[in-house]
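Shown below: data-v5.txt, with compact mmCIF, C-alpha atoms.
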# COMPACT_ATOMS: atom_id res chain seq x y z
CA MET A 93 33.24 -85.10 7.31
CA LEU A 94 35.86 -84.16 9.85
CA ASN A 95 35.02 -85.14 13.42
CA GLU A 96 35.62 -82.99 16.50
CA GLU A 97 38.94 -84.60 17.32
CA GLU A 98 40.19 -84.05 13.78
CA LEU A 99 39.06 -80.43 13.80
CA GLU A 100 41.12 -79.90 16.94
CA ARG A 101 44.14 -81.98 15.88
CA TYR A 102 44.47 -80.15 12.57
CA SER A 103 43.22 -76.76 13.76
CA ARG A 104 46.54 -74.96 13.18
CA GLN A 105 46.72 -76.00 9.53
CA ILE A 106 43.00 -75.64 8.90
CA ILE A 107 43.34 -71.90 9.59
CA TYR A 108 45.90 -71.59 6.77
CA GLU A 109 44.24 -69.46 4.11
CA GLY A 110 43.44 -71.48 1.03
CA PHE A 111 43.50 -74.80 2.88
CA GLY A 112 40.71 -74.82 5.45
CA GLN A 113 38.39 -77.69 6.33
CA GLU A 114 37.99 -78.45 2.65
CA GLY A 115 41.73 -79.05 2.24
CA GLN A 116 41.79 -81.17 5.38
CA GLN A 117 38.88 -83.24 4.11
CA ARG A 118 40.77 -83.81 0.86
CA LEU A 119 43.81 -85.06 2.77
CA LYS A 120 41.58 -87.37 4.78
CA GLU A 121 40.17 -88.87 1.60
CA SER A 122 43.62 -89.33 0.06
CA HIS A 123 45.77 -92.41 -0.28
CA VAL A 124 49.53 -91.86 -0.49
CA VAL A 125 51.97 -94.61 -1.40
CA ILE A 126 55.41 -94.27 0.15
CA ALA A 127 57.78 -96.33 -2.00
CA GLY A 128 60.65 -97.06 0.35
CA VAL A 129 61.00 -96.08 4.01
CA GLY A 130 64.65 -95.12 4.00
CA GLY A 131 65.69 -91.57 4.79
CA LEU A 132 63.30 -89.93 2.32
CA GLY A 133 60.32 -92.16 3.04
CA CYS A 134 60.65 -91.89 6.83
CA ALA A 135 60.60 -88.09 6.72
CA ALA A 136 57.85 -87.81 4.10
CA SER A 137 55.56 -90.37 5.72
CA THR A 138 55.98 -88.85 9.19
CA TYR A 139 54.72 -85.46 8.07
CA LEU A 140 52.00 -86.85 5.84
CA ALA A 141 50.72 -88.88 8.79
CA CYS A 142 50.82 -85.80 11.02
CA ALA A 143 49.04 -83.76 8.36
CA GLY A 144 46.16 -86.23 8.29
CA VAL A 145 46.49 -88.10 5.00
CA GLY A 146 43.74 -90.68 5.46
CA HIS A 147 45.54 -93.73 4.11
CA ILE A 148 49.27 -94.29 3.77
CA THR A 149 50.71 -97.42 2.22
CA ILE A 150 54.32 -98.15 3.11
CA ILE A 151 56.25 -100.36 0.69
CA ASP A 152 59.65 -101.73 1.62
CA HIS A 153 61.22 -105.16 1.43
CA GLU A 154 64.36 -104.46 3.45
CA THR A 155 65.13 -105.05 7.11
CA VAL A 156 66.38 -102.43 9.56
CA GLU A 157 70.16 -102.28 10.03
CA LEU A 158 72.24 -100.35 12.54
CA SER A 159 73.80 -98.26 9.77
CA ASN A 160 70.30 -96.98 8.81
CA LEU A 161 69.76 -95.24 12.13
CA ASN A 162 71.64 -92.01 11.39
CA ARG A 163 68.83 -90.97 9.07
CA GLN A 164 65.85 -93.35 8.99
CA ILE A 165 64.05 -91.85 11.94
CA LEU A 166 61.10 -94.24 12.07
CA HIS A 167 63.45 -97.18 12.78
CA TRP A 168 64.97 -97.48 16.21
CA VAL A 169 67.54 -99.75 17.88
CA GLU A 170 64.77 -102.08 19.04
CA ASN A 171 63.72 -102.55 15.39
CA ILE A 172 67.06 -103.82 14.06
CA GLY A 173 66.35 -106.99 12.12
CA GLU A 174 62.65 -106.15 11.65
CA LYS A 175 61.06 -105.39 8.31
CA LYS A 176 61.17 -101.67 7.56
CA ALA A 177 57.56 -101.59 6.36
CA THR A 178 56.16 -102.87 9.68
CA SER A 179 58.64 -100.88 11.77
CA ALA A 180 57.62 -97.63 10.08
CA ALA A 181 53.89 -98.41 10.05
CA ALA A 182 53.85 -99.07 13.80
CA LYS A 183 55.32 -95.61 14.54
CA LEU A 184 53.04 -93.79 12.13
CA VAL A 185 49.92 -95.33 13.68
CA LYS A 186 51.09 -94.24 17.13
CA LEU A 187 51.79 -90.77 15.78
CA ASN A 188 48.30 -90.48 14.35
CA PRO A 189 45.84 -93.25 15.31
CA SER A 190 43.08 -91.67 13.24
CA ILE A 191 44.67 -92.63 9.91
CA GLN A 192 45.05 -95.98 8.17
CA VAL A 193 48.58 -97.23 7.55
CA THR A 194 49.17 -100.32 5.42
CA PRO A 195 52.64 -101.91 5.48
CA LEU A 196 53.59 -103.89 2.37
CA ASP A 197 56.67 -106.08 2.66
CA VAL A 198 57.11 -106.67 -1.05
CA GLU A 199 59.73 -105.96 -3.64
CA ILE A 200 58.42 -103.62 -6.33
CA THR A 201 58.62 -105.18 -9.79
CA ALA A 202 57.41 -104.18 -13.23
CA ASP A 203 54.68 -106.81 -12.86
CA ASN A 204 53.30 -105.84 -9.46
CA ALA A 205 53.88 -102.03 -9.46
CA PRO A 206 50.68 -101.04 -11.32
CA ASP A 207 48.51 -103.15 -8.98
CA ILE A 208 50.26 -101.83 -5.86
CA ILE A 209 49.73 -98.18 -6.73
CA LYS A 210 46.35 -98.51 -8.45
CA GLY A 211 43.75 -96.19 -6.95
CA SER A 212 46.25 -94.16 -4.93
CA SER A 213 46.34 -90.36 -5.04
CA VAL A 214 50.10 -89.87 -5.26
CA VAL A 215 53.31 -91.91 -5.04
CA ILE A 216 56.33 -90.64 -3.07
CA ASP A 217 59.68 -91.81 -4.41
CA GLY A 218 61.91 -93.08 -1.62
CA MET A 219 63.71 -95.65 -3.75
CA ASP A 220 67.44 -96.14 -3.93
CA THR A 221 67.98 -97.71 -7.33
CA TYR A 222 67.51 -96.33 -10.82
CA GLU A 223 65.70 -99.49 -11.87
CA MET A 224 63.10 -99.23 -9.09
CA ARG A 225 62.49 -95.56 -9.81
CA SER A 226 62.05 -96.33 -13.48
CA ILE A 227 59.53 -99.07 -12.71
CA LEU A 228 57.55 -96.77 -10.41
CA ASN A 229 57.64 -93.90 -12.88
CA ARG A 230 56.34 -96.14 -15.66
CA ALA A 231 53.56 -97.47 -13.42
CA CYS A 232 52.58 -93.95 -12.35
CA VAL A 233 52.47 -92.73 -15.95
CA SER A 234 50.38 -95.70 -17.06
CA GLU A 235 47.97 -95.33 -14.10
CA GLY A 236 47.88 -91.51 -14.32
CA ILE A 237 49.10 -91.10 -10.73
CA PRO A 238 51.39 -88.19 -9.74
CA PHE A 239 54.94 -89.21 -8.79
CA ILE A 240 57.04 -87.04 -6.51
CA HIS A 241 60.69 -87.80 -7.12
CA GLY A 242 63.35 -87.09 -4.52
CA GLY A 243 67.02 -88.00 -4.48
CA ILE A 244 69.98 -87.30 -2.24
CA TRP A 245 73.77 -87.57 -2.33
CA GLY A 246 75.78 -86.43 0.66
CA LEU A 247 74.45 -82.99 1.51
CA ASN A 248 72.83 -82.55 -1.91
CA GLY A 249 69.23 -83.15 -2.76
CA GLN A 250 66.80 -82.81 -5.64
CA VAL A 251 63.02 -82.89 -6.03
CA THR A 252 60.55 -82.75 -8.90
CA THR A 253 56.86 -83.54 -9.20
CA VAL A 254 55.65 -85.53 -12.18
CA ILE A 255 52.03 -85.15 -13.31
CA PRO A 256 51.44 -87.81 -15.98
CA GLY A 257 50.36 -86.37 -19.30
CA LEU A 258 51.23 -82.81 -18.30
CA THR A 259 54.86 -82.69 -17.21
CA PRO A 260 58.12 -84.40 -18.09
CA CYS A 261 58.34 -87.81 -16.42
CA PHE A 262 61.35 -89.33 -14.66
CA ALA A 263 62.41 -91.08 -17.89
CA CYS A 264 62.32 -87.76 -19.77
CA VAL A 265 64.87 -86.45 -17.27
CA TYR A 266 66.87 -89.67 -16.96
CA PRO A 267 66.52 -91.54 -20.27
CA GLN A 268 69.54 -93.65 -19.33
CA LYS A 269 71.01 -94.83 -16.09
CA PRO A 270 73.28 -92.06 -14.81
CA LYS A 271 76.60 -92.63 -13.11
CA GLU A 272 76.07 -94.30 -9.76
CA ILE A 273 78.47 -94.39 -6.83
CA LYS A 274 77.77 -96.84 -4.00
CA PRO A 275 77.68 -96.63 -1.09
CA PHE A 276 77.07 -92.91 -1.26
CA PRO A 277 77.56 -90.63 1.73
CA VAL A 278 74.50 -89.29 3.52
CA PHE A 279 73.76 -87.19 6.57
CA GLY A 280 70.31 -87.65 8.09
CA VAL A 281 69.40 -84.02 7.62
CA THR A 282 69.53 -84.26 3.83
CA PRO A 283 66.89 -86.94 3.22
CA ALA A 284 64.90 -85.31 6.03
CA LEU A 285 64.82 -81.98 4.21
CA ILE A 286 64.15 -83.51 0.79
CA GLY A 287 61.55 -85.95 2.16
CA ILE A 288 59.72 -83.11 3.84
CA ILE A 289 59.72 -81.13 0.59
CA GLN A 290 58.21 -84.20 -1.08
CA ALA A 291 55.56 -84.22 1.66
CA ILE A 292 54.84 -80.52 1.09
CA GLU A 293 54.41 -81.22 -2.62
CA ALA A 294 51.98 -84.04 -1.83
CA ILE A 295 49.95 -81.90 0.59
CA LYS A 296 49.63 -79.05 -1.95
CA LEU A 297 48.77 -81.48 -4.73
CA LEU A 298 46.15 -83.33 -2.69
CA ALA A 299 44.55 -80.28 -1.11
CA GLY A 300 44.73 -78.20 -4.29
CA PHE A 301 46.63 -75.08 -3.36
CA GLY A 302 50.04 -73.49 -3.91
CA ARG A 303 52.48 -74.00 -6.76
CA LEU A 304 54.13 -77.34 -7.48
CA LEU A 305 57.66 -78.28 -8.51
CA THR A 306 56.38 -79.43 -11.89
CA SER A 307 58.54 -79.25 -15.05
CA LYS A 308 61.45 -78.17 -12.91
CA MET A 309 64.03 -79.84 -10.72
CA MET A 310 64.85 -78.15 -7.45
CA TYR A 311 68.44 -78.61 -6.27
CA ILE A 312 69.80 -77.98 -2.80
CA ASN A 313 73.41 -78.15 -1.67
CA GLU A 314 73.38 -77.97 2.10
CA ALA A 315 77.18 -77.82 2.24
CA THR A 316 77.17 -74.44 0.50
CA MET A 317 73.53 -73.48 1.02
CA ASP A 318 73.11 -73.14 -2.71
CA PHE A 319 69.57 -73.48 -4.03
CA GLY A 320 68.63 -73.69 -7.70
CA PHE A 321 65.98 -74.74 -10.20
CA ARG A 322 66.42 -76.31 -13.62
CA ASP A 323 63.64 -76.26 -16.18
CA LEU A 324 62.70 -79.72 -17.38
CA VAL A 325 61.13 -80.41 -20.77
CA LYS A 326 59.12 -83.35 -22.00
CA ASN A 327 61.07 -85.64 -24.28
CA PRO A 328 58.80 -86.29 -27.28
CA ASP A 329 60.68 -89.55 -27.88
CA CYS A 330 60.44 -90.63 -24.23
CA ARG A 331 60.12 -94.41 -23.94
CA VAL A 332 57.61 -94.00 -21.10
CA CYS A 333 55.43 -90.96 -21.87
CA GLY A 334 56.38 -89.96 -25.44
CA ILE A 335 55.91 -91.37 -28.92
CA GLY A 336 58.67 -93.84 -28.17
CA LYS A 337 56.41 -95.35 -25.51
CA GLU A 338 57.05 -99.02 -24.88
CA HIS A 339 54.05 -101.09 -23.86
CA HIS A 340 54.47 -103.29 -20.83
CA ARG A 341 52.06 -105.80 -19.30
CA MET B 117 84.19 -59.08 -13.43
CA ARG B 118 82.76 -61.17 -10.66
CA ILE B 119 80.62 -64.24 -11.34
CA ARG B 120 78.89 -65.94 -8.41
CA LEU B 121 79.20 -69.73 -8.49
CA LYS B 122 76.85 -72.36 -7.14
CA SER B 123 77.50 -76.09 -7.09
CA PHE B 124 74.88 -78.79 -7.06
CA PHE B 125 77.00 -81.82 -6.42
CA HIS B 126 79.58 -82.92 -3.91
CA PHE B 127 82.07 -80.29 -5.00
CA ASP B 128 82.51 -77.16 -2.96
CA VAL B 129 83.64 -74.34 -5.24
CA ALA B 130 84.92 -72.44 -2.22
CA LYS B 131 87.56 -75.13 -1.68
CA VAL B 132 89.06 -74.38 -5.11
CA PHE B 133 88.52 -70.67 -5.37
CA GLY B 134 88.62 -69.76 -1.68
CA HIS B 135 85.20 -68.15 -1.99
CA ASP B 136 81.92 -68.60 -3.84
CA HIS B 137 82.78 -66.49 -6.87
CA ILE B 138 85.31 -66.24 -9.67
CA GLU B 139 86.90 -63.23 -11.34
CA LEU B 140 86.95 -63.19 -15.15
CA PRO B 141 88.27 -60.60 -17.64
CA ALA B 142 85.54 -58.06 -18.31
CA ASP B 143 85.68 -58.33 -22.10
CA GLY B 144 84.22 -61.26 -23.97
CA ALA B 145 83.72 -63.64 -21.05
CA THR B 146 81.31 -66.43 -21.96
CA ILE B 147 80.01 -69.57 -20.32
CA ARG B 148 82.65 -71.47 -22.28
CA THR B 149 85.52 -69.37 -20.96
CA LEU B 150 84.08 -69.60 -17.45
CA LEU B 151 83.88 -73.41 -17.63
CA GLN B 152 87.39 -73.57 -19.07
CA GLU B 153 88.65 -71.45 -16.19
CA ILE B 154 86.82 -73.62 -13.67
CA ALA B 155 88.35 -76.77 -15.24
CA ARG B 156 91.81 -75.22 -15.05
CA LYS B 157 91.50 -74.00 -11.48
CA SER B 158 89.90 -77.21 -10.25
CA GLN B 159 92.64 -79.20 -12.00
CA GLY B 160 90.06 -81.10 -14.01
CA ALA B 161 87.78 -81.95 -11.08
CA ILE B 162 85.01 -79.97 -12.81
CA ASP B 163 85.56 -80.48 -16.52
CA ALA B 164 82.17 -79.72 -18.01
CA ILE B 165 83.15 -79.30 -21.67
CA ASP B 166 83.55 -82.50 -23.66
CA SER B 167 87.09 -82.41 -25.03
CA GLN B 168 86.10 -84.32 -28.19
CA SER B 169 82.97 -82.45 -29.25
CA GLY B 170 83.54 -79.10 -27.54
CA VAL B 171 79.98 -79.05 -26.22
CA LEU B 172 78.66 -79.39 -22.67
CA ASP B 173 79.37 -82.86 -21.32
CA THR B 174 76.09 -84.77 -20.97
CA GLU B 175 76.93 -85.56 -17.34
CA TYR B 176 76.71 -81.87 -16.44
CA PHE B 177 74.07 -79.18 -16.33
CA VAL B 178 74.67 -75.45 -16.09
CA LEU B 179 72.25 -72.83 -14.79
CA VAL B 180 72.81 -69.22 -15.79
CA ASN B 181 70.90 -66.83 -13.55
CA GLY B 182 68.50 -69.68 -12.88
CA ARG B 183 68.03 -70.60 -16.54
CA ASP B 184 69.17 -73.91 -17.96
CA LEU B 185 72.04 -73.41 -20.42
CA GLU B 186 70.17 -75.63 -22.88
CA SER B 187 67.40 -73.04 -23.10
CA LEU B 188 69.77 -70.16 -23.88
CA PRO B 189 70.08 -69.45 -27.63
CA GLY B 190 73.77 -68.62 -27.27
CA GLY B 191 74.56 -71.87 -25.46
CA LEU B 192 78.17 -72.02 -24.33
CA GLU B 193 78.89 -68.77 -26.17
CA THR B 194 76.41 -66.84 -24.00
CA GLU B 195 78.17 -63.74 -22.77
CA LEU B 196 78.45 -63.13 -19.06
CA SER B 197 78.01 -59.86 -17.21
CA GLU B 198 79.15 -58.55 -13.86
CA GLY B 199 77.11 -60.14 -11.07
CA ASP B 200 75.81 -63.08 -13.08
CA GLU B 201 75.20 -66.27 -11.15
CA VAL B 202 76.20 -69.64 -12.61
CA GLY B 203 75.28 -72.99 -11.08
CA ILE B 204 76.91 -76.27 -12.07
CA GLY B 205 75.66 -79.75 -11.28
CA MET B 206 76.02 -83.34 -12.39
CA HIS B 207 73.40 -85.85 -13.42
CA TYR B 208 74.57 -88.42 -10.91
CA PHE B 209 72.09 -90.95 -9.72
CA TRP B 210 70.97 -89.83 -6.28
CA GLY B 211 69.64 -92.29 -3.74
CA GLY B 212 66.75 -92.50 -1.33
CA GLY B 213 68.76 -92.30 1.87

Go through the file and emit its structure as structure tokens.
Amino acid sequence: MLNEEELERYSRQIIYEGFGQEGQQRLKESHVVIAGVGGLGCAASTYLACAGVGHITIIDHETVELSNLNRQILHWVENIGEKKATSAAAKLVKLNPSIQVTPLDVEITADNAPDIIKGSSVVIDGMDTYEMRSILNRACVSEGIPFIHGGIWGLNGQVTTVIPGLTPCFACVYPQKPKEIKPFPVFGVTPALIGIIQAIEAIKLLAGFGRLLTSKMMYINEATMDFGFRDLVKNPDCRVCGIGKEHHR
Amino acid sequence: MRIRLKSFFHFDVAKVFGHDHIELPADGATIRTLLQEIARKSQGAIDAIDSQSGVLDTEYFVLVNGRDLESLPGGLETELSEGDEVGIGMHYFWGGG
């Protein structure tokens, strides 16, 4: 049940038609895993904490660097050298003391990913390598946990929501490692926008309203203000969710 | 005829064409001729047709009025009409920021 403070804190979203106290209660009972608190993860976790997601787990193994601060808004000058997971968790708890935030300073591997995400409601992709995303996608598919992918490059961004068993998974879309350019350019506003769209997807998914970015990739080019959607299809031979499924663990 | 262009990668079509659209001959313009014209005008910076196979390069995707080219029965030979909107993007790996 929502207490008086929660009813007041979330009053402006509770009055949204189709959400209500029931939607708020669902958020409170949810557990979101934020995989990476870089630009995407900082934005997504901030708004999920504000929205009242009851439990947020922050996973990141990196430390805060000065060059992160143009976009990773939960890390400040005073946090340089600290672990990103604890830096982000401390801010989120101050932002909303009524929720539980668990920092995990671990590197995600194929071995530990299923245990880390087990029992969670949704996983937000804030990773910055193809390998890590592939590991998370596989773990989400095997555990039946929705995976909200986001990616950015310069002023471009993309988002799709994967519902295991129903929609194409990340490996259907990216069966092989695509071309990668490092370090890639990034303005803070781009991961902010994409991370917030990931948060919106999570809120709709958890509370059960609206329409999701499933089976489609949304693209945004902020340089030209071009928006577009591409239909995605399940790959029947997908090595993760299709008949070509490889068994791990 | 005028085709509106969108780009979904770090390439600004306006820098090549001076605006966000391209003019093509009214008769027989297809996605293939559009992409060939884009490759020519961009001096190869956007070269979406594989020179060996003549099909869409696997690094690219093309959206025609919001529909993925792959889902169009005509593929690259799909005819274009005045006012159509074509988006082009690349399957680069995009990071987490």

One decimal, Å: what's the distance from CA of Val202 (chain B) over to CA of Leu258 (chain A), could you say? 28.8 Å

Measure the distance from CA of Thr221 (chain A) to CA of Ile200 (chain A) in Å and round it to one decimal.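 CA of Thr221 (chain A) sits 11.3 Å away from CA of Ile200 (chain A).
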
Size and centre in Å, one decimal, axis-aligned box, all listed region 121-137 of chain B atoms plus 6 Å per side, as JSON:
{"center_x": 82.0, "center_y": -74.7, "center_z": -5.1, "size_x": 26.2, "size_y": 28.4, "size_z": 18.8}

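All of the residues in chain B within 9 Å of chain A are Lys122, Ser123, Phe124, Phe125, His126, Asp128, Val129, Ala130, Asp136, Glu175, Phe177, Val178, Leu179, Gly182, Arg183, Asp184, Ser187, Gly203, Gly205, His207, Tyr208, Phe209, Trp210, Gly211, Gly212 and Gly213 of chain B, where only C-alpha atoms were counted.
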
May I have the selected residues written with C-alpha atoms, as a compact mmCIF listing (two decimals), keeping the file's coordinate frame?
# COMPACT_ATOMS: atom_id res chain seq x y z
CA LYS B 122 76.85 -72.36 -7.14
CA SER B 123 77.50 -76.09 -7.09
CA PHE B 124 74.88 -78.79 -7.06
CA PHE B 125 77.00 -81.82 -6.42
CA HIS B 126 79.58 -82.92 -3.91
CA ASP B 128 82.51 -77.16 -2.96
CA VAL B 129 83.64 -74.34 -5.24
CA ALA B 130 84.92 -72.44 -2.22
CA ASP B 136 81.92 -68.60 -3.84
CA GLU B 175 76.93 -85.56 -17.34
CA PHE B 177 74.07 -79.18 -16.33
CA VAL B 178 74.67 -75.45 -16.09
CA LEU B 179 72.25 -72.83 -14.79
CA GLY B 182 68.50 -69.68 -12.88
CA ARG B 183 68.03 -70.60 -16.54
CA ASP B 184 69.17 -73.91 -17.96
CA SER B 187 67.40 -73.04 -23.10
CA GLY B 203 75.28 -72.99 -11.08
CA GLY B 205 75.66 -79.75 -11.28
CA HIS B 207 73.40 -85.85 -13.42
CA TYR B 208 74.57 -88.42 -10.91
CA PHE B 209 72.09 -90.95 -9.72
CA TRP B 210 70.97 -89.83 -6.28
CA GLY B 211 69.64 -92.29 -3.74
CA GLY B 212 66.75 -92.50 -1.33
CA GLY B 213 68.76 -92.30 1.87

For CA of Glu223 (chain A) and CA of Cys333 (chain A), the interatomic separation in Å (one decimal):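 Between CA of Glu223 (chain A) and CA of Cys333 (chain A) the gap works out to 16.7 Å.
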
Excluding Val171 (chain B) and its own-chain neighbours fewer than 5 positions away, which residues fall within 10 Å of it when counting only C-alpha atoms? Please give them as JSON, numbers by chain. {"B": [148, 164, 165, 166, 191, 192]}

Pick from B:Val132, B:Met206, B:Leu196, B:Leu185, whichever lies nearest to Gly144 (chain B) using all atoms listed in the file: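 Among the listed residues, the smallest separation from Gly144 (chain B) belongs to B:Leu196.
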
Could you pull the residues within 8 Å of Val214 (chain A), counting only C-alpha atoms, minus those fewer than 6 positions along the same chain, as a ChimeraX atom specification? /A:123-125,237-240,294
